[in-house]
Amino acid sequence: MGRFRVFGAAVSSGGLKVKVGCRAWRLLSIQVWWGVLWALLAAAWPAAVRAETPPIGLSDRARVAEVWPAVTVMVDPGARWTLDEARLHLPERRVPQVPHSNFGERRDAVWLVWDVDLKPSGRGLWLLDVAYSALDEVDLHVLRDGQPLREAHQRAGDGRPMSWRAMPARTHVLPLDLAPGRYTLLLRVATTGGLITPMQLLTPEQYSQREYRVQLVQGLSSGIVLCLLFYSLAQWASLRDGMFAFYSLSISGLGLFLFSFNGLGLQHLWGEHVRVSAVLSPACVLLSGAGAFLFIDRVLDIRALSRRMSRVMQVGAVAAVVSVALLLVDVFGYREGQQASKVLGQLPMFLALPFAWRRWRQGDRAAAYMFIGWAVYAVGGLTTALLLAGHVAATPVTLNALQAASLVEMVMWLVVMGMRVEQLRWAAEQATRDGDHLRHLAETDALTGLLNRRGLQAAVTPLLDRLRPGRLLAVYLVDLDGFKQINDLRGHEVGDRVLVEVGLRLCAQVRDVDLVSRTGGDEFVLLVGDLPDDAAAERIGEDLMQALEAPMVLGTHVCRVGATIGYALAPMDGLDMAGLLRRADRAMYLGKQAGKRQVRRLAQGE
């Protein structure tokens with residue numbers, strides 16, 4: 001069993017000419033390169049060889065004792081030594097020539113040896129905290145005068161059930177309750193990942209205070225991940241955009257990996273099921289990679305830039321999911337799953353970089369935020385990679401670099417999603433405006449701006465539905481008299497101006513809630529509602545006719561037209577618009593035959 005190893009890469013920003021965010025990008029680039037330079041210097045500068053390793057004096061219970069300065073090391077190449085065999089090799093122990101508390105990746109077991117001088121004033125319970133949870137096997141032996149204290153032997157490690165530990169802690173905490181005197185402590189550590197051993201001797205009170213702060217920070221980190229997860233799921237349920245589902249998959253995988261990597265999963269959830277820890281780390285990174293493939297493909301719209309690369313991103317997501325399935329059914333072992341996760345977990349970022357760059361050059365601010373997130377993540381990933389490879393010291397900064405960088409990247413992705421939501425909202429509003437405009441064009445007469453026949457049909461139904469007892473709706477059909485002569489003698493341009501003027505005069509005679517439409521040629525239809533009786537409807541028809549009798553001064557032309565008007569009343573003459581129009585048309589036709597310029601309604605039975 002072991003732990004997942006994360007590799008990142010820094011991003012160069014030389015020669016940027018993009019105006020948006022240029023200054024911020026340069027500052028970020030300087031920080032990234034400083035981080036890389038620091039990591040490389042740490043890699044090339046291993047810890048100095050110490051000339052001697054004095055024993056750790058435990059006399060002040062208020063002091064936290066750092067173990068590393070006193071540590072010597074023995075290497076067990078086959079990881080088979082018993083305690084007695086290790087005792088035989090004690091004369092061969094040497095000072096470790098590695099960065100602080102970091103032996104890097106190795107398959108052999110390492111025995112860490114140091115002496116403790118427990119003074120009477122320091123008597124009481126001490127805790128040895130090996131503060132790196134991703135260690136498979138941790139065994140502590142205590143010697144006094146060269147002889148082992150069997151009762152002090154303890155076992156820990158995340159390759160063993162939590163019940164094996166003396167304390168069910170997040171890290172490997174081994175209690176020591178010894179009488180004053182001098183002791184030699186041997187700590188055997190074996191793991192398939194990075195062999196990192198930051199160690200302290202401290203009292204239970206000091207441990208509780210420190211662990212409380214660590215658990216608080218880890219709780220806040222997990223809370224941020226959960227908030228981002230619930231937010232993205234809610235957005236997915238609301239907007240039905242797959243982008244949010246892919247983001248949810250990515251952050252849930254990464255968040256669960258960090259939860260397991262920091263020892264919280266084994267401590268709080270699956271303490272007796274150690275295989276969960278073995279499988280979970282690579283499986284979670286693979287699931288996070290699958291979500292990242294699909295999220296990046298959608299958020300950068302890679303399909304619009306390259307259909308082939310979009311297909312590659314989709315295939316990468318499928319490969320990550322298949323690798324998880326093979327890992328769960330034991331077709332893949334841990335090492336195969338680890339190798340797959342190292343490749344598929346980081347590949348989306350590197351494949352997307354040129355497309356993010358192109359989008360940024362095109363003025364897409366979301367791509368700039370993705371670059372920032374990836375740059376921070378690259379520094380965290382590179383630091384963690386160097387840590388696990390044994391090239392940098394194990395400090396709180398390097399041990400938590402990936403977690404901090406991952407949170408920054410997730411927040412940057414959230415900002416990107418917010419921008420995409422804004423773009424979707426704007427596109428939806430624009431589509432609504434365009435639809436309204438097209439609908440307006442389809443239902444409006446282009447010359448007069450009045451409703452056309454289609455618009456009238458759509459608007460009349462609500463009026464008919466609002467009819468009240470004792471209140472009538474009049475449907476007027478207005479046909480101009482003398483319009484053909486104006487069109488023939490003075491041209492269509494003047495004729496069109498006459499039609500516009502007619503529309504204006506008709507609108508002036510009715511209320512805003514009434515309808516005026518031009519249904520074709522010189523024919524107009526009006527709907528006037530809330531009338532008490534037929535006499536009121538006839539008076540309105542007379543007003544309409546009189547409004548059109550006045551001369552029309554149109555530039556240098558003075559035109560006169562009249563109108564013959566037929567009308568029908570709802571519900572007296574029916575409730576069907578087609579039937580009402582037929583009756584109004586028939587009444588208008590009879591008016592034409594009777595001499596024109598009159599208002600007429602068909603009598604009952606006509």
# chains A, B, ... in the order shown; residues from 1 in each chain; ligands from 1

$ residues_around --residues "Met588 in chain A" --least-positions-apart "2" --cutoff "6 Å" --atoms "only C-alpha atoms" --output "list of chain:residue names"
A:Ile565, A:Gly566, A:Asp585, A:Arg586, A:Leu590, A:Gly591

$ select_by_dssp --residues "range 133-346 of chain A" --states "strand (DSSP E)" --output "ChimeraX atom specification"
/A:137-144,147-148,154-156,172-178,181-190,194-196,199-202

$ residues_around --residues "Leu450 in chain A" --least-positions-apart "6" --cutoff "7 Å" --atoms "only C-alpha atoms" --output "number ranges by chain"
A: 444, 516-518

$ write_last_selection --atoms "N, CA and C atoms" --output "PDB file, in the first residue's frame"
ATOM      1  N   THR A 444     -46.721  42.252 -37.245  1.00  0.00           N
ATOM      2  CA  THR A 444     -46.916  43.687 -37.443  1.00  0.00           C
ATOM      3  C   THR A 444     -46.860  44.033 -38.935  1.00  0.00           C
ATOM      4  N   VAL A 516     -56.217  47.912 -33.323  1.00  0.00           N
ATOM      5  CA  VAL A 516     -56.323  48.440 -34.682  1.00  0.00           C
ATOM      6  C   VAL A 516     -55.350  47.656 -35.544  1.00  0.00           C
ATOM      7  N   SER A 517     -55.827  47.141 -36.676  1.00  0.00           N
ATOM      8  CA  SER A 517     -54.961  46.329 -37.540  1.00  0.00           C
ATOM      9  C   SER A 517     -55.237  46.641 -39.000  1.00  0.00           C
ATOM     10  N   ARG A 518     -54.219  46.425 -39.796  1.00  0.00           N
ATOM     11  CA  ARG A 518     -54.368  46.487 -41.255  1.00  0.00           C
ATOM     12  C   ARG A 518     -54.223  45.062 -41.765  1.00  0.00           C
TER      13      ARG A 518
END

$ residues_around --residues "Gln215 in chain A" --least-positions-apart "5" --cutoff "9 Å" --atoms "only C-alpha atoms" --output "PDB file with N, CA, C and O atoms, in the first residue's frame"
ATOM      1  N   ARG A 210      -2.496  21.479  19.234  1.00  0.00           N
ATOM      2  CA  ARG A 210      -2.045  21.553  17.847  1.00  0.00           C
ATOM      3  C   ARG A 210      -3.023  20.838  16.909  1.00  0.00           C
ATOM      4  O   ARG A 210      -3.368  21.337  15.838  1.00  0.00           O
ATOM      5  N   LEU A 220     -12.292  23.439   7.625  1.00  0.00           N
ATOM      6  CA  LEU A 220     -12.607  24.567   6.754  1.00  0.00           C
ATOM      7  C   LEU A 220     -12.342  24.230   5.297  1.00  0.00           C
ATOM      8  O   LEU A 220     -13.128  24.576   4.406  1.00  0.00           O
ATOM      9  N   LEU A 264      -7.759  11.832   7.307  1.00  0.00           N
ATOM     10  CA  LEU A 264      -9.068  12.035   7.917  1.00  0.00           C
ATOM     11  C   LEU A 264     -10.028  10.898   7.600  1.00  0.00           C
ATOM     12  O   LEU A 264     -10.884  10.553   8.411  1.00  0.00           O
TER      13      LEU A 264
END

$ residues_around --residues "Val322 in chain A" --least-positions-apart "4" --cutoff "10 Å" --atoms "only C-alpha atoms" --output "ChimeraX atom specification"
/A:286-287,290,316-318,326-328

$ closest_residue --among "A:Leu228, A:Asp136, A:Gln546, A:Phe524" --to "Met412 in chain A" --atoms "only C-alpha atoms"
A:Leu228

$ closest_residue --among "A:Trp236, A:Tyr476, A:Tyr183, A:Tyr132" --to "Ala152 in chain A" --atoms "only C-alpha atoms"
A:Tyr183

$ residues_around --residues "range 506-513 of chain A" --least-positions-apart "3" --cutoff "10 Å" --atoms "only C-alpha atoms" --output "list in words"
Leu450, Leu463, Val478, Glu501, Val502, Gly503, Val516, Ser517, Phe524, Val525, Leu526, Leu527, Val528, Gly529, Ile540, Gly541, Asp543, Leu544, Met545, Ala547 and Leu548 of chain A

$ atom_distance --atom1 "CA of Val217 in chain A" --atom2 "CA of Ser250 in chain A"
21.6 Å

$ closest_residue --among "A:Met577, A:Leu187, A:Met417, A:Met552" --to "Ala245 in chain A" --atoms "only C-alpha atoms"
A:Met417

$ atom_distance --atom1 "CA of Val411 in chain A" --atom2 "CA of Ala325 in chain A"
29.0 Å

$ closest_atom_pairs --of "range 182-246 of chain A" --to "range 100-113 of chain A" --cutoff "6 Å" --atoms "only C-alpha atoms" --output "Markdown table"
| residue | atom | partner | partner_atom | distance |
| --- | --- | --- | --- | --- |
| A:Leu185 | CA | A:Val113 | CA | 5.6 |
| A:Leu186 | CA | A:Val113 | CA | 4.6 |
| A:Leu187 | CA | A:Leu112 | CA | 5.0 |
| A:Arg188 | CA | A:Trp111 | CA | 4.4 |
| A:Val189 | CA | A:Val110 | CA | 5.4 |
| A:Ala190 | CA | A:Ala109 | CA | 4.5 |
| A:Thr192 | CA | A:Arg107 | CA | 5.8 |
| A:Gly193 | CA | A:Glu105 | CA | 5.5 |
| A:Gly194 | CA | A:Glu105 | CA | 4.4 |
| A:Leu195 | CA | A:Gly104 | CA | 5.3 |
| A:Ile196 | CA | A:Asn102 | CA | 4.5 |
| A:Thr197 | CA | A:Ser101 | CA | 4.9 |
| A:Pro198 | CA | A:Ser101 | CA | 5.1 |

$ write_last_selection --atoms "all heavy atoms" --output "tab-separated table (two decimals), in the first residue's frame"
chain	number	residue	atom	x	y	z
A	185	LEU	N	15.36	4.59	20.89
A	185	LEU	CA	14.11	4.36	20.18
A	185	LEU	C	14.42	3.97	18.74
A	185	LEU	O	15.25	4.61	18.08
A	185	LEU	CB	13.21	5.59	20.20
A	185	LEU	CG	12.31	5.76	21.45
A	185	LEU	CD1	13.14	5.89	22.72
A	185	LEU	CD2	11.38	6.94	21.27
A	186	LEU	N	13.79	2.91	18.28
A	186	LEU	CA	13.92	2.44	16.90
A	186	LEU	C	12.54	2.50	16.24
A	186	LEU	O	11.59	1.87	16.72
A	186	LEU	CB	14.45	1.01	16.82
A	186	LEU	CG	15.92	0.77	17.22
A	186	LEU	CD1	16.04	0.65	18.73
A	186	LEU	CD2	16.45	-0.49	16.53
A	187	LEU	N	12.44	3.28	15.17
A	187	LEU	CA	11.17	3.41	14.45
A	187	LEU	C	11.36	2.83	13.05
A	187	LEU	O	12.12	3.38	12.25
A	187	LEU	CB	10.75	4.88	14.36
A	187	LEU	CG	9.37	5.12	13.77
A	187	LEU	CD1	8.28	4.72	14.77
A	187	LEU	CD2	9.18	6.57	13.34
A	188	ARG	N	10.69	1.72	12.81
A	188	ARG	CA	10.74	1.11	11.47
A	188	ARG	C	9.59	1.66	10.62
A	188	ARG	O	8.43	1.62	11.01
A	188	ARG	CB	10.61	-0.41	11.57
A	188	ARG	CG	10.63	-1.13	10.22
A	188	ARG	CD	10.34	-2.61	10.38
A	188	ARG	NE	10.35	-3.32	9.11
A	188	ARG	CZ	9.29	-3.39	8.28
A	188	ARG	NH1	8.16	-2.78	8.62
A	188	ARG	NH2	9.39	-4.04	7.15
A	189	VAL	N	9.95	2.18	9.43
A	189	VAL	CA	8.96	2.77	8.53
A	189	VAL	C	9.13	2.14	7.15
A	189	VAL	O	10.25	2.05	6.62
A	189	VAL	CB	9.12	4.30	8.44
A	189	VAL	CG1	8.04	4.89	7.54
A	189	VAL	CG2	9.08	4.94	9.81
A	190	ALA	N	8.02	1.69	6.57
A	190	ALA	CA	8.03	1.15	5.22
A	190	ALA	C	6.78	1.63	4.49
A	190	ALA	O	5.69	1.68	5.08
A	190	ALA	CB	8.05	-0.38	5.25
A	192	THR	N	5.13	2.34	0.13
A	192	THR	CA	5.37	2.29	-1.31
A	192	THR	C	5.36	3.67	-1.94
A	192	THR	O	5.60	3.80	-3.14
A	192	THR	CB	4.29	1.42	-1.98
A	192	THR	OG1	3.00	1.89	-1.60
A	192	THR	CG2	4.44	-0.03	-1.60
A	193	GLY	N	5.03	4.70	-1.18
A	193	GLY	CA	5.06	6.06	-1.69
A	193	GLY	C	6.26	6.80	-1.15
A	193	GLY	O	7.34	6.26	-0.97
A	194	GLY	N	6.05	8.09	-0.87
A	194	GLY	CA	7.13	8.89	-0.31
A	194	GLY	C	7.32	8.60	1.16
A	194	GLY	O	6.37	8.63	1.94
A	195	LEU	N	8.55	8.31	1.54
A	195	LEU	CA	8.86	7.99	2.93
A	195	LEU	C	9.25	9.29	3.62
A	195	LEU	O	10.40	9.73	3.59
A	195	LEU	CB	9.98	6.96	3.01
A	195	LEU	CG	10.05	6.12	4.29
A	195	LEU	CD1	10.78	4.81	4.05
A	195	LEU	CD2	10.70	6.88	5.42
A	196	ILE	N	8.25	9.92	4.24
A	196	ILE	CA	8.39	11.24	4.86
A	196	ILE	C	8.09	11.09	6.34
A	196	ILE	O	7.05	10.55	6.72
A	196	ILE	CB	7.44	12.25	4.20
A	196	ILE	CG1	7.76	12.34	2.70
A	196	ILE	CG2	7.54	13.62	4.85
A	196	ILE	CD1	6.74	13.13	1.91
A	197	THR	N	9.02	11.56	7.19
A	197	THR	CA	8.90	11.27	8.62
A	197	THR	C	9.12	12.50	9.50
A	197	THR	O	10.06	12.55	10.30
A	197	THR	CB	9.92	10.19	9.02
A	197	THR	OG1	11.25	10.66	8.66
A	197	THR	CG2	9.64	8.88	8.30
A	198	PRO	N	8.26	13.52	9.40
A	198	PRO	CA	8.37	14.63	10.36
A	198	PRO	C	7.91	14.15	11.73
A	198	PRO	O	6.81	13.61	11.87
A	198	PRO	CB	7.43	15.69	9.78
A	198	PRO	CG	6.44	14.91	8.97
A	198	PRO	CD	7.17	13.71	8.44

$ closest_residue --among "A:Ala404, A:Val553, A:Val475, A:Leu280" --to "Gly579 in chain A" --atoms "only C-alpha atoms"
A:Val475

$ atom_distance --atom1 "CA of Ala385 in chain A" --atom2 "CA of Asp129 in chain A"
23.6 Å

$ residues_around --residues "range 81-96 of chain A" --least-positions-apart "6" --cutoff "6 Å" --atoms "only C-alpha atoms" --output "PyMOL selection string"
chain A and resi 72-74

$ write_last_selection --atoms "C-alpha atoms" --output "compact mmCIF listing (two decimals), in the first residue's frame"
# COMPACT_ATOMS: atom_id res chain seq x y z
CA THR A 72 20.37 8.26 12.72
CA VAL A 73 19.28 5.77 10.09
CA MET A 74 19.68 2.11 9.07

$ select_by_dssp --residues "range 464-579 of chain A" --states "helix (DSSP H, G or I)" --output "PyMOL selection string"
chain A and resi 464-465+483-490+492-508+534-549+577-579
